[in-house]
file final22.cif (mmCIF, C-alpha atoms)
data_work
loop_
_atom_site.label_atom_id
_atom_site.label_comp_id
_atom_site.auth_asym_id
_atom_site.auth_seq_id
_atom_site.Cartn_x
_atom_site.Cartn_y
_atom_site.Cartn_z
CA MET A 20 0.00 0.00 0.00
CA GLU A 21 1.45 3.33 -1.01
CA ASP A 22 1.79 5.69 1.89
CA ILE A 23 -0.37 8.63 0.88
CA HIS A 24 -1.75 9.64 4.25
CA GLU A 25 -1.42 13.24 5.28
CA VAL A 26 -2.16 12.71 8.98
CA PRO A 27 0.63 11.04 10.98
CA LEU A 28 -0.25 7.98 12.99
CA ASP A 29 -0.60 9.03 16.59
CA VAL A 30 -2.08 5.96 18.27
CA VAL A 31 -1.05 2.71 16.74
CA GLY A 32 2.55 3.28 15.89
CA ASN A 33 4.94 4.55 13.29
CA ALA A 34 6.82 3.78 10.21
CA PRO A 35 9.28 1.94 8.04
CA PRO A 36 12.94 2.46 7.30
CA ALA A 37 13.93 4.94 4.64
CA GLU A 38 14.87 2.17 2.21
CA GLU A 39 11.24 1.21 1.68
CA PRO A 40 10.41 2.26 -1.93
CA GLY A 41 7.56 4.62 -2.55
CA GLU A 42 7.05 5.57 1.08
CA ARG A 43 6.87 9.01 2.62
CA LEU A 44 8.55 9.40 5.98
CA GLN A 45 7.60 12.15 8.36
CA ARG A 46 9.40 13.22 11.51
CA GLU A 47 7.64 14.64 14.52
CA THR A 48 8.50 18.08 15.82
CA ALA A 49 10.12 18.48 19.23
CA SER A 50 7.08 19.94 21.01
CA VAL A 51 5.50 18.80 24.27
CA PRO A 52 2.48 17.15 22.53
CA ALA A 53 4.85 15.47 20.08
CA THR A 54 6.94 14.17 22.97
CA LEU A 55 3.86 12.65 24.60
CA GLN A 56 2.83 11.19 21.26
CA TYR A 57 6.31 9.78 20.80
CA ALA A 58 6.20 8.06 24.20
CA ARG A 59 2.76 6.64 23.42
CA ASN A 60 3.83 5.32 20.01
CA VAL A 61 6.95 3.69 21.39
CA SER A 62 5.01 2.18 24.29
CA PHE A 63 2.44 0.70 21.92
CA ALA A 64 5.06 -0.83 19.62
CA VAL A 65 7.06 -2.24 22.55
CA LEU A 66 3.89 -3.63 24.16
CA SER A 67 3.02 -5.40 20.92
CA LEU A 68 6.41 -7.11 20.84
CA LEU A 69 6.43 -7.94 24.56
CA LEU A 70 2.94 -9.45 24.55
CA HIS A 71 3.75 -11.85 21.75
CA THR A 72 7.10 -12.75 23.29
CA ALA A 73 5.48 -13.38 26.69
CA ASP A 74 2.79 -15.54 25.09
CA VAL A 75 5.36 -17.73 23.36
CA ALA A 76 7.60 -17.85 26.45
CA SER A 77 4.72 -18.91 28.72
CA SER A 78 3.76 -21.74 26.37
CA VAL A 79 7.36 -22.92 26.16
CA ALA A 80 7.64 -22.79 29.96
CA PHE A 81 4.39 -24.73 30.24
CA ALA A 82 5.70 -27.46 27.92
CA VAL A 83 9.09 -27.63 29.65
CA LEU A 84 7.53 -27.96 33.10
CA MET A 85 5.27 -30.74 31.84
CA LEU A 86 8.31 -32.61 30.57
CA VAL A 87 10.07 -32.09 33.90
CA HIS A 88 7.08 -33.41 35.89
CA ARG A 89 6.06 -36.17 33.51
CA ASP A 90 7.15 -38.87 35.97
CA ALA A 91 5.74 -37.26 39.12
CA THR A 92 3.62 -39.58 41.26
CA PRO A 93 0.30 -37.67 40.88
CA VAL A 94 0.80 -37.52 37.10
CA VAL A 95 1.58 -41.24 36.81
CA GLU A 96 -1.33 -42.22 39.08
CA ALA A 97 -3.73 -40.10 37.03
CA ARG A 98 -2.31 -41.62 33.82
CA LEU A 99 -1.62 -38.22 32.33
CA ASN A 100 0.56 -38.13 29.24
CA PHE A 101 2.49 -34.93 29.83
CA VAL A 102 4.89 -35.70 26.99
CA LEU A 103 2.00 -35.71 24.53
CA TRP A 104 0.62 -32.45 25.90
CA ALA A 105 4.02 -30.75 25.82
CA SER A 106 4.56 -31.88 22.24
CA LEU A 107 1.12 -30.59 21.25
CA VAL A 108 1.65 -27.16 22.82
CA LEU A 109 5.13 -26.70 21.33
CA GLY A 110 4.15 -28.20 17.99
CA LEU A 111 1.21 -25.85 17.57
CA HIS A 112 3.35 -22.82 18.35
CA VAL A 113 6.14 -23.81 15.97
CA LEU A 114 3.72 -24.74 13.17
CA ALA A 115 1.80 -21.49 13.62
CA GLY A 116 5.04 -19.49 13.58
CA VAL A 117 6.05 -21.07 10.28
CA LEU A 118 2.59 -20.62 8.74
CA VAL A 119 2.57 -16.94 9.69
CA ASN A 120 5.98 -16.52 8.04
CA PHE A 121 4.78 -18.02 4.75
CA ALA A 122 1.56 -16.00 4.86
CA VAL A 123 3.57 -12.78 5.30
CA LEU A 124 5.89 -13.81 2.47
CA ALA A 125 2.95 -14.54 0.17
CA GLU A 126 1.38 -11.22 1.10
CA GLY A 127 4.55 -9.27 0.32
CA ARG A 128 5.11 -11.16 -2.93
CA SER A 129 1.53 -10.59 -4.16
CA TYR A 130 1.93 -6.89 -3.42
CA SER A 131 5.28 -6.60 -5.22
CA MET A 132 3.96 -8.51 -8.23
CA ARG A 133 1.76 -5.52 -9.03
CA GLU A 134 4.85 -3.44 -9.81
CA THR A 135 7.89 -5.68 -10.31
CA PRO A 136 7.20 -9.40 -10.79
CA ARG A 137 9.93 -11.54 -9.27
CA ARG A 138 10.59 -15.08 -8.16
CA VAL A 139 10.79 -16.12 -4.53
CA ARG A 140 14.43 -16.61 -3.54
CA PRO A 141 15.41 -19.85 -1.74
CA LEU A 142 16.79 -17.81 1.18
CA GLU A 143 13.36 -16.27 1.72
CA VAL A 144 11.83 -19.73 1.99
CA LEU A 145 14.53 -20.88 4.41
CA ILE A 146 13.92 -17.85 6.61
CA CYS A 147 10.24 -18.76 6.73
CA LEU A 148 11.17 -22.11 8.30
CA ILE A 149 12.41 -20.21 11.38
CA PRO A 150 9.28 -19.80 13.54
CA TRP A 151 8.11 -16.17 13.94
CA ALA A 152 11.08 -14.80 11.96
CA ARG A 153 9.05 -12.51 9.69
CA SER A 154 6.46 -11.58 12.29
CA TRP A 155 9.11 -10.63 14.84
CA TRP A 156 10.94 -8.70 12.14
CA ALA A 157 7.75 -6.73 11.44
CA MET A 158 7.33 -5.96 15.14
CA LEU A 159 10.99 -4.99 15.58
CA ARG A 160 10.74 -2.59 12.63
CA HIS A 161 7.62 -1.15 14.23
CA VAL A 162 9.61 -0.50 17.39
CA SER A 163 12.69 0.83 15.59
CA VAL A 164 10.85 3.40 13.49
CA ALA A 165 8.83 4.52 16.51
CA LEU A 166 12.11 5.20 18.31
CA ARG A 167 13.29 7.25 15.31
CA ARG A 168 10.09 9.38 15.39
CA GLU A 169 9.25 8.39 11.82
CA VAL A 170 5.69 7.96 10.55
CA SER A 171 4.46 5.65 7.82
CA VAL A 172 1.24 3.72 7.40
CA SER A 173 2.78 0.78 5.54
CA VAL A 174 4.93 -0.51 8.42
CA VAL A 175 2.01 -0.29 10.83
CA GLU A 176 -0.16 -2.07 8.25
CA ARG A 177 2.40 -4.86 8.02
CA ALA A 178 2.64 -5.12 11.79
CA ALA A 179 -1.16 -5.15 12.13
CA HIS A 180 -1.46 -7.85 9.48
CA THR A 181 1.11 -10.12 11.13
CA ARG A 182 -0.44 -9.58 14.55
CA LEU A 183 -3.84 -10.58 13.18
CA LEU A 184 -2.31 -13.71 11.68
CA GLN A 185 -0.75 -14.53 15.04
CA ALA A 186 -4.12 -14.05 16.74
CA VAL A 187 -6.12 -16.39 14.52
CA VAL A 188 -3.43 -18.98 13.70
CA GLU A 189 -1.40 -19.09 16.91
CA ALA A 190 -2.88 -17.43 20.01
CA ALA A 191 -6.51 -18.53 19.51
CA PRO A 192 -5.80 -22.27 19.06
CA GLN A 193 -3.30 -22.18 21.94
CA GLY A 194 -5.93 -20.67 24.20
CA VAL A 195 -8.39 -23.46 23.37
CA VAL A 196 -5.84 -26.27 23.85
CA GLN A 197 -4.57 -24.98 27.18
CA THR A 198 -8.07 -24.21 28.48
CA TYR A 199 -9.05 -27.79 27.65
CA PHE A 200 -5.96 -28.94 29.56
CA LEU A 201 -7.10 -27.00 32.63
CA MET A 202 -10.54 -28.63 32.44
CA THR A 203 -9.28 -32.14 31.75
CA MET A 204 -6.30 -32.34 34.07
CA PHE A 205 -6.09 -30.01 37.04
CA VAL A 206 -5.70 -26.31 37.75
CA TRP A 207 -2.05 -25.34 37.54
CA TRP A 208 -0.83 -21.75 37.63
CA VAL A 209 1.51 -22.18 34.64
CA PRO A 210 -1.12 -23.12 32.04
CA LEU A 211 -3.53 -20.67 33.65
CA LEU A 212 -1.02 -17.86 33.12
CA SER A 213 -0.38 -19.08 29.57
CA VAL A 214 -4.11 -19.10 28.81
CA CYS A 215 -4.48 -15.55 30.10
CA LEU A 216 -1.52 -14.36 28.02
CA SER A 217 -2.90 -16.07 24.90
CA LEU A 218 -6.28 -14.37 25.37
CA VAL A 219 -4.71 -10.95 26.00
CA ASN A 220 -2.30 -11.35 23.09
CA ALA A 221 -5.06 -12.36 20.67
CA SER A 222 -7.37 -9.58 21.86
CA PHE A 223 -4.59 -6.98 21.55
CA SER A 224 -3.72 -8.21 18.04
CA TYR A 225 -7.32 -8.00 16.84
CA THR A 226 -7.85 -4.57 18.42
CA PHE A 227 -4.64 -3.35 16.77
CA PHE A 228 -5.93 -4.56 13.40
CA VAL A 229 -9.40 -3.02 13.77
CA ILE A 230 -8.21 0.39 14.97
CA PHE A 231 -5.53 0.63 12.31
CA LYS A 232 -7.94 -0.32 9.51
CA TYR A 233 -10.46 2.19 10.84
CA TYR A 234 -7.77 4.85 10.64
CA ASP A 235 -6.71 3.67 7.20
CA ASN A 236 -10.25 4.08 5.85
CA VAL A 237 -11.44 7.15 7.78
CA ARG A 238 -8.10 9.01 8.16
CA GLU A 239 -8.68 9.46 11.88
CA PHE A 240 -8.89 7.30 14.96
CA PRO A 241 -12.13 6.62 16.83
CA ALA A 242 -12.64 8.21 20.22
CA ALA A 243 -10.64 6.71 23.09
CA TRP A 244 -13.75 5.27 24.74
CA LYS A 245 -14.65 3.50 21.49
CA VAL A 246 -11.16 2.02 21.30
CA LEU A 247 -11.65 0.74 24.84
CA LEU A 248 -14.99 -0.82 23.87
CA VAL A 249 -13.37 -2.57 20.89
CA ALA A 250 -10.64 -3.94 23.16
CA LEU A 251 -13.18 -5.13 25.74
CA ASN A 252 -15.29 -6.68 23.01
CA ALA A 253 -12.29 -8.56 21.64
CA THR A 254 -11.52 -9.88 25.12
CA PHE A 255 -15.07 -10.97 25.92
CA THR A 256 -15.86 -12.36 22.47
CA HIS A 257 -12.62 -14.27 22.02
CA GLY A 258 -12.48 -15.38 25.67
CA GLY A 259 -16.06 -16.64 25.59
CA ARG A 260 -15.53 -18.53 22.35
CA THR A 261 -12.28 -20.03 23.61
CA PHE A 262 -13.90 -21.36 26.79
CA ALA A 263 -17.02 -22.51 24.92
CA THR A 264 -14.90 -24.58 22.51
CA ALA A 265 -12.94 -26.12 25.39
CA MET A 266 -16.22 -26.89 27.20
CA LEU A 267 -17.55 -28.72 24.15
CA ALA A 268 -14.31 -30.71 23.87
CA PHE A 269 -14.52 -31.60 27.56
CA ALA A 270 -18.21 -32.58 27.39
CA LEU A 271 -17.85 -34.73 24.27
CA GLN A 272 -14.53 -35.34 22.51
CA PRO A 273 -11.78 -32.98 21.28
CA TRP A 274 -12.34 -34.05 17.69
CA VAL A 275 -16.00 -33.00 17.94
CA ALA A 276 -14.96 -29.48 18.97
CA VAL A 277 -12.42 -29.33 16.14
CA VAL A 278 -15.03 -30.42 13.59
CA TRP A 279 -17.54 -27.83 14.79
CA VAL A 280 -15.01 -24.99 14.75
CA LEU A 281 -13.99 -25.99 11.22
CA PHE A 282 -17.67 -26.10 10.31
CA ILE A 283 -18.18 -22.54 11.58
CA THR A 284 -15.11 -21.42 9.64
CA ALA A 285 -16.32 -23.13 6.45
CA LEU A 286 -19.80 -21.67 6.86
CA ASN A 287 -18.42 -18.17 7.22
CA LEU A 288 -16.10 -18.76 4.27
CA VAL A 289 -18.99 -19.89 2.07
CA ARG A 290 -21.03 -16.83 3.03
CA TRP A 291 -18.05 -14.56 2.64
CA LYS A 292 -18.54 -13.14 -0.85
CA PHE A 293 -16.26 -10.13 -0.90
CA LYS A 294 -12.75 -9.55 -2.12
CA THR A 295 -10.14 -8.26 0.30
CA TRP A 296 -8.00 -5.15 0.39
CA GLU A 297 -6.51 -5.83 -3.04
CA ASN A 298 -7.60 -8.32 -5.67
CA ASP A 299 -4.30 -10.18 -5.63
CA ARG A 300 -3.87 -10.33 -1.85
CA LEU A 301 -5.18 -13.85 -1.56
CA THR A 302 -3.70 -14.61 1.86
CA ARG A 303 -6.21 -12.25 3.47
CA ILE A 304 -9.07 -14.09 1.79
CA LYS A 305 -7.87 -17.28 3.49
CA ILE A 306 -7.72 -15.81 6.99
CA ILE A 307 -10.91 -13.74 6.99
CA SER A 308 -13.15 -16.71 7.84
CA LEU A 309 -10.83 -17.58 10.75
CA LEU A 310 -11.09 -13.98 11.93
CA GLU A 311 -14.87 -14.25 11.83
CA THR A 312 -14.77 -17.55 13.72
CA PHE A 313 -12.83 -16.18 16.70
CA PHE A 314 -13.80 -12.49 16.61
CA VAL A 315 -16.38 -10.14 15.06
CA ALA A 316 -17.66 -11.08 11.61
CA THR A 317 -18.07 -8.73 8.65
CA THR A 318 -21.88 -8.84 8.93
CA ARG A 319 -24.30 -8.66 11.84
CA GLN A 320 -25.97 -11.85 10.66
CA LYS A 321 -22.77 -13.88 10.78
CA THR A 322 -21.83 -12.38 14.13
CA LEU A 323 -25.21 -13.42 15.55
CA TYR A 324 -25.28 -17.00 14.31
CA THR A 325 -21.62 -17.60 15.14
CA THR A 326 -22.26 -16.44 18.71
CA PHE A 327 -25.37 -18.64 18.81
CA VAL A 328 -23.33 -21.73 17.89
CA TYR A 329 -20.85 -21.03 20.69
CA VAL A 330 -23.73 -20.56 23.14
CA VAL A 331 -24.99 -24.00 22.11
CA PHE A 332 -21.53 -25.37 22.99
CA THR A 333 -22.00 -24.17 26.56
CA PHE A 334 -25.43 -25.81 26.87
CA VAL A 335 -24.02 -29.13 25.66
CA PHE A 336 -21.51 -28.86 28.49
CA MET A 337 -24.20 -28.03 31.05
CA GLN A 338 -26.41 -30.88 29.90
CA ARG A 339 -23.73 -33.26 31.13
CA PHE A 340 -22.35 -31.45 34.17
CA HIS A 341 -25.29 -29.42 35.54
CA VAL A 342 -25.08 -31.22 38.90
CA HIS A 343 -21.68 -29.69 39.67
CA ALA A 344 -21.47 -26.21 41.20
CA LEU A 345 -18.14 -25.51 39.48
CA ALA A 346 -19.74 -26.26 36.11
CA TRP A 347 -22.36 -23.57 36.74
CA THR A 348 -19.61 -21.09 37.55
CA VAL A 349 -17.69 -21.88 34.35
CA TRP A 350 -20.89 -21.76 32.31
CA GLY A 351 -22.00 -18.45 33.84
CA ILE A 352 -18.69 -16.75 33.09
CA THR A 353 -18.56 -18.09 29.52
CA PHE A 354 -22.22 -17.43 28.73
CA GLY A 355 -21.97 -13.92 30.16
CA ALA A 356 -18.81 -13.18 28.15
CA LEU A 357 -20.47 -14.33 24.91
CA LEU A 358 -23.57 -12.19 25.46
CA LEU A 359 -21.55 -9.16 26.57
CA GLY A 360 -19.27 -9.52 23.56
CA LEU A 361 -22.28 -9.69 21.23
CA ALA A 362 -23.83 -6.61 22.86
CA LEU A 363 -20.56 -4.66 22.50
CA SER A 364 -20.24 -5.77 18.87
CA LEU A 365 -23.69 -4.43 18.02
CA ALA A 366 -23.16 -1.24 20.05
CA THR A 367 -19.92 -0.41 18.22
CA TRP A 368 -20.93 -1.80 14.85
CA THR A 369 -20.03 1.37 12.96
CA ILE A 370 -16.39 0.90 14.00
CA TYR A 371 -16.29 -2.58 12.46
CA VAL A 372 -18.10 -1.49 9.30
CA ARG A 373 -15.50 1.20 8.68
CA ALA A 374 -12.61 -1.05 9.69
CA TYR A 375 -13.82 -3.82 7.39
CA GLU A 376 -14.63 -1.35 4.62
CA GLU A 377 -12.05 -2.64 2.18
CA LEU A 378 -13.05 -6.20 2.99
CA ILE A 379 -16.65 -5.37 2.19
CA TYR A 380 -16.29 -3.27 -0.92
CA PRO A 381 -14.42 -4.80 -3.88
CA ALA A 382 -11.14 -3.00 -4.49
CA GLU A 383 -11.66 -2.78 -8.23
CA SER A 384 -14.90 -0.84 -7.83
CA SER A 385 -14.48 2.89 -8.33
CA GLU A 386 -17.78 3.57 -6.61
CA LYS A 387 -18.79 2.10 -3.26
CA GLN A 388 -22.18 0.53 -3.67
CA ASN A 389 -24.96 0.61 -1.10
CA ALA A 390 -24.28 -1.23 2.14
CA GLU A 391 -27.47 -3.25 1.78
CA GLU A 392 -26.20 -4.84 -1.41
CA TYR A 393 -23.18 -6.13 0.46
CA ASP A 394 -25.16 -7.45 3.44
CA ILE A 395 -23.56 -5.30 6.13
CA THR A 396 -26.72 -4.00 7.74
#
call {"tool": "encode", "arguments": {"input": "final22.cif", "output": "structure tokens"}}
result
Amino acid sequence: MEDIHEVPLDVVGNAPPAEEPGERLQRETASVPATLQYARNVSFAVLSLLLHTADVASSVAFAVLMLVHRDATPVVEARLNFVLWASLVLGLHVLAGVLVNFAVLAEGRSYSMRETPRRVRPLEVLICLIPWARSWWAMLRHVSVALRREVSVSVVERAAHTRLLQAVVEAAPQGVVQTYFLMTMFVWWVPLLSVCLSLVNASFSYTFFVIFKYYDNVREFPAAWKVLLVALNATFTHGGRTFATAMLAFALQPWVAVVWVLFITALNLVRWKFKTWENDRLTRIKIISLLETFFVATTRQKTLYTTFVYVVFTFVFMQRFHVHALAWTVWGITFGALLLGLALSLATWTIYVRAYEELIYPAESSEKQNAEEYDIT
């Protein structure tokens, strides 16, 4: 995306190195407001990097501690396969890190093909085999340009895109797996901390994406209280859906929960009839149905029926465990989070409509058609 914005980013971060072709860099003036803006931009970029790093570190610590305690007496007596669980947690993280790398590579290649077609170099593919290499590079560049007081939309766009990929491919599945572990095994502070970090990381990533895209389409940020509502909605919606999926897996079988989540994703994908930001940016077409599965969909209708399916998950759980007081507590928290997330989604719907604007309106259209034609009412 060519950097044509006249207003510098003052909430979600700053910009790319000078060697980026076709990009306009802007430096902030040394005034008191600019200093406060600088501190806020740097803090946001650093927080983005630290949250993802903490999420990965907590999962690695969780897996390592399971391997250390795999032969402990309580674990052996309960016939718990900690080696299998550790392998699953680490395997999902590594696989997600590699998938995000290739998605970012495909995104960059499809963008460059519009101007200068080129072949993918073998070194680029090898770098993608290093988990999180490209996503961490995008976050580090976000931090570095914030420290240099430079402003550019394209670097923030790249950071927002990679953070969204991390949310739907890495943090969301990790949250489900580790929540299921807590329900199946026993409460342990390490996986509990890891679950919390996964939820916060995914919610931050999605909020980052929504607020940036809102800015990209409207040329200004929403009011601070609306940003807070979007962040709360991401937390409640994603947290409720994470716990609902784990509850279904616990009540029936894990494969049943996997099949139903894939069914929701496929249903949203079938109903998703719009092109993404650019015609040739196919990687975003592939992740949009995952975004709608774990967060707010591009239409009210899909948001409603997706939430309804997750609510059904919780009732399946209660049908089996309604005699237990703890089950009522878990159900109440999850059910309340789902309803509150839905209410916040509808209350702030204009934010999502504007943020999803380029997902809703085909990029090749010179005129934006009526919203009703694109089913966003």
call {"tool": "closest_residue", "arguments": {"input": "final22.cif", "among": "A:Ser67, A:Thr203, A:Ala105, A:Asp90", "to": "Ala157 in chain A", "atoms": "all atoms listed in the file"}}
result
A:Ser67
call {"tool": "residues_around", "arguments": {"input": "final22.cif", "residues": "range 344-348 of chain A", "least_positions_apart": "5", "cutoff": "12 Å", "atoms": "only C-alpha atoms", "output": "VMD selection string"}}
result
chain A and resid 202 266 269 to 270 333 to 339 353 to 355
call {"tool": "atom_distance", "arguments": {"input": "final22.cif", "atom1": "CA of Leu358 in chain A", "atom2": "CA of Glu311 in chain A"}}
result
16.3 Å
call {"tool": "atom_distance", "arguments": {"input": "final22.cif", "atom1": "CA of Gly351 in chain A", "atom2": "CA of Glu189 in chain A"}}
result
26.7 Å
call {"tool": "atom_distance", "arguments": {"input": "final22.cif", "atom1": "CA of Gly116 in chain A", "atom2": "CA of Ser213 in chain A"}}
result
16.9 Å
call {"tool": "resolve_selection", "arguments": {"input": "final22.cif", "expression": "the PyMOL selection byres ((chain A and resi 256) around 10)", "output": "PyMOL selection string"}}
result
chain A and resi 222+250-255+257-261+313-315+326+353+355-364
call {"tool": "closest_residue", "arguments": {"input": "final22.cif", "among": "A:Ala191, A:Met85, A:Leu103, A:Leu148", "to": "Leu310 in chain A", "atoms": "all atoms listed in the file"}}
result
A:Ala191
call {"tool": "closest_residue", "arguments": {"input": "final22.cif", "among": "A:Val195, A:Val229, A:Val237, A:Leu271", "to": "Tyr371 in chain A", "atoms": "only C-alpha atoms"}}
result
A:Val229
call {"tool": "build_atoms", "arguments": {"input": "final22.cif", "residues": "range 256-264 of chain A", "atoms": "all heavy atoms", "output": "PDB file, in the coordinates of the input"}}
result
ATOM      1  N   THR A 256     -15.457 -11.492  23.573  1.00  0.00           N
ATOM      2  CA  THR A 256     -15.860 -12.360  22.470  1.00  0.00           C
ATOM      3  C   THR A 256     -14.891 -13.525  22.309  1.00  0.00           C
ATOM      4  O   THR A 256     -15.301 -14.695  22.270  1.00  0.00           O
ATOM      5  CB  THR A 256     -15.947 -11.561  21.157  1.00  0.00           C
ATOM      6  OG1 THR A 256     -16.922 -10.533  21.290  1.00  0.00           O
ATOM      7  CG2 THR A 256     -16.323 -12.464  19.999  1.00  0.00           C
ATOM      8  N   HIS A 257     -13.598 -13.205  22.222  1.00  0.00           N
ATOM      9  CA  HIS A 257     -12.620 -14.270  22.020  1.00  0.00           C
ATOM     10  C   HIS A 257     -12.516 -15.164  23.257  1.00  0.00           C
ATOM     11  O   HIS A 257     -12.441 -16.387  23.132  1.00  0.00           O
ATOM     12  CB  HIS A 257     -11.256 -13.661  21.703  1.00  0.00           C
ATOM     13  CG  HIS A 257     -10.164 -14.674  21.601  1.00  0.00           C
ATOM     14  ND1 HIS A 257     -10.210 -15.734  20.725  1.00  0.00           N
ATOM     15  CD2 HIS A 257      -9.005 -14.824  22.308  1.00  0.00           C
ATOM     16  CE1 HIS A 257      -9.126 -16.474  20.876  1.00  0.00           C
ATOM     17  NE2 HIS A 257      -8.389 -15.939  21.822  1.00  0.00           N
ATOM     18  N   GLY A 258     -12.535 -14.570  24.450  1.00  0.00           N
ATOM     19  CA  GLY A 258     -12.480 -15.380  25.670  1.00  0.00           C
ATOM     20  C   GLY A 258     -13.665 -16.307  25.791  1.00  0.00           C
ATOM     21  O   GLY A 258     -13.519 -17.497  26.117  1.00  0.00           O
ATOM     22  N   GLY A 259     -14.871 -15.795  25.521  1.00  0.00           N
ATOM     23  CA  GLY A 259     -16.060 -16.640  25.590  1.00  0.00           C
ATOM     24  C   GLY A 259     -16.026 -17.768  24.589  1.00  0.00           C
ATOM     25  O   GLY A 259     -16.375 -18.913  24.910  1.00  0.00           O
ATOM     26  N   ARG A 260     -15.585 -17.490  23.373  1.00  0.00           N
ATOM     27  CA  ARG A 260     -15.530 -18.530  22.350  1.00  0.00           C
ATOM     28  C   ARG A 260     -14.436 -19.554  22.641  1.00  0.00           C
ATOM     29  O   ARG A 260     -14.599 -20.739  22.339  1.00  0.00           O
ATOM     30  CB  ARG A 260     -15.336 -17.891  20.971  1.00  0.00           C
ATOM     31  CG  ARG A 260     -16.532 -17.057  20.546  1.00  0.00           C
ATOM     32  CD  ARG A 260     -16.377 -16.405  19.185  1.00  0.00           C
ATOM     33  NE  ARG A 260     -17.571 -15.631  18.852  1.00  0.00           N
ATOM     34  CZ  ARG A 260     -17.779 -15.047  17.683  1.00  0.00           C
ATOM     35  NH1 ARG A 260     -16.860 -15.127  16.725  1.00  0.00           N
ATOM     36  NH2 ARG A 260     -18.896 -14.374  17.455  1.00  0.00           N
ATOM     37  N   THR A 261     -13.346 -19.100  23.231  1.00  0.00           N
ATOM     38  CA  THR A 261     -12.280 -20.030  23.610  1.00  0.00           C
ATOM     39  C   THR A 261     -12.778 -21.013  24.673  1.00  0.00           C
ATOM     40  O   THR A 261     -12.615 -22.226  24.539  1.00  0.00           O
ATOM     41  CB  THR A 261     -11.069 -19.255  24.153  1.00  0.00           C
ATOM     42  OG1 THR A 261     -10.505 -18.463  23.102  1.00  0.00           O
ATOM     43  CG2 THR A 261     -10.000 -20.210  24.671  1.00  0.00           C
ATOM     44  N   PHE A 262     -13.403 -20.499  25.724  1.00  0.00           N
ATOM     45  CA  PHE A 262     -13.900 -21.360  26.790  1.00  0.00           C
ATOM     46  C   PHE A 262     -15.047 -22.240  26.311  1.00  0.00           C
ATOM     47  O   PHE A 262     -15.156 -23.404  26.720  1.00  0.00           O
ATOM     48  CB  PHE A 262     -14.335 -20.511  27.993  1.00  0.00           C
ATOM     49  CG  PHE A 262     -13.221 -20.182  28.930  1.00  0.00           C
ATOM     50  CD1 PHE A 262     -12.325 -19.160  28.637  1.00  0.00           C
ATOM     51  CD2 PHE A 262     -13.035 -20.911  30.089  1.00  0.00           C
ATOM     52  CE1 PHE A 262     -11.280 -18.859  29.488  1.00  0.00           C
ATOM     53  CE2 PHE A 262     -11.991 -20.618  30.954  1.00  0.00           C
ATOM     54  CZ  PHE A 262     -11.104 -19.588  30.659  1.00  0.00           C
ATOM     55  N   ALA A 263     -15.917 -21.717  25.440  1.00  0.00           N
ATOM     56  CA  ALA A 263     -17.020 -22.510  24.920  1.00  0.00           C
ATOM     57  C   ALA A 263     -16.511 -23.701  24.109  1.00  0.00           C
ATOM     58  O   ALA A 263     -17.043 -24.821  24.210  1.00  0.00           O
ATOM     59  CB  ALA A 263     -17.944 -21.647  24.073  1.00  0.00           C
ATOM     60  N   THR A 264     -15.472 -23.489  23.306  1.00  0.00           N
ATOM     61  CA  THR A 264     -14.900 -24.580  22.510  1.00  0.00           C
ATOM     62  C   THR A 264     -14.265 -25.629  23.421  1.00  0.00           C
ATOM     63  O   THR A 264     -14.441 -26.838  23.211  1.00  0.00           O
ATOM     64  CB  THR A 264     -13.843 -24.033  21.541  1.00  0.00           C
ATOM     65  OG1 THR A 264     -14.421 -23.003  20.745  1.00  0.00           O
ATOM     66  CG2 THR A 264     -13.316 -25.132  20.637  1.00  0.00           C
TER      67      THR A 264
END
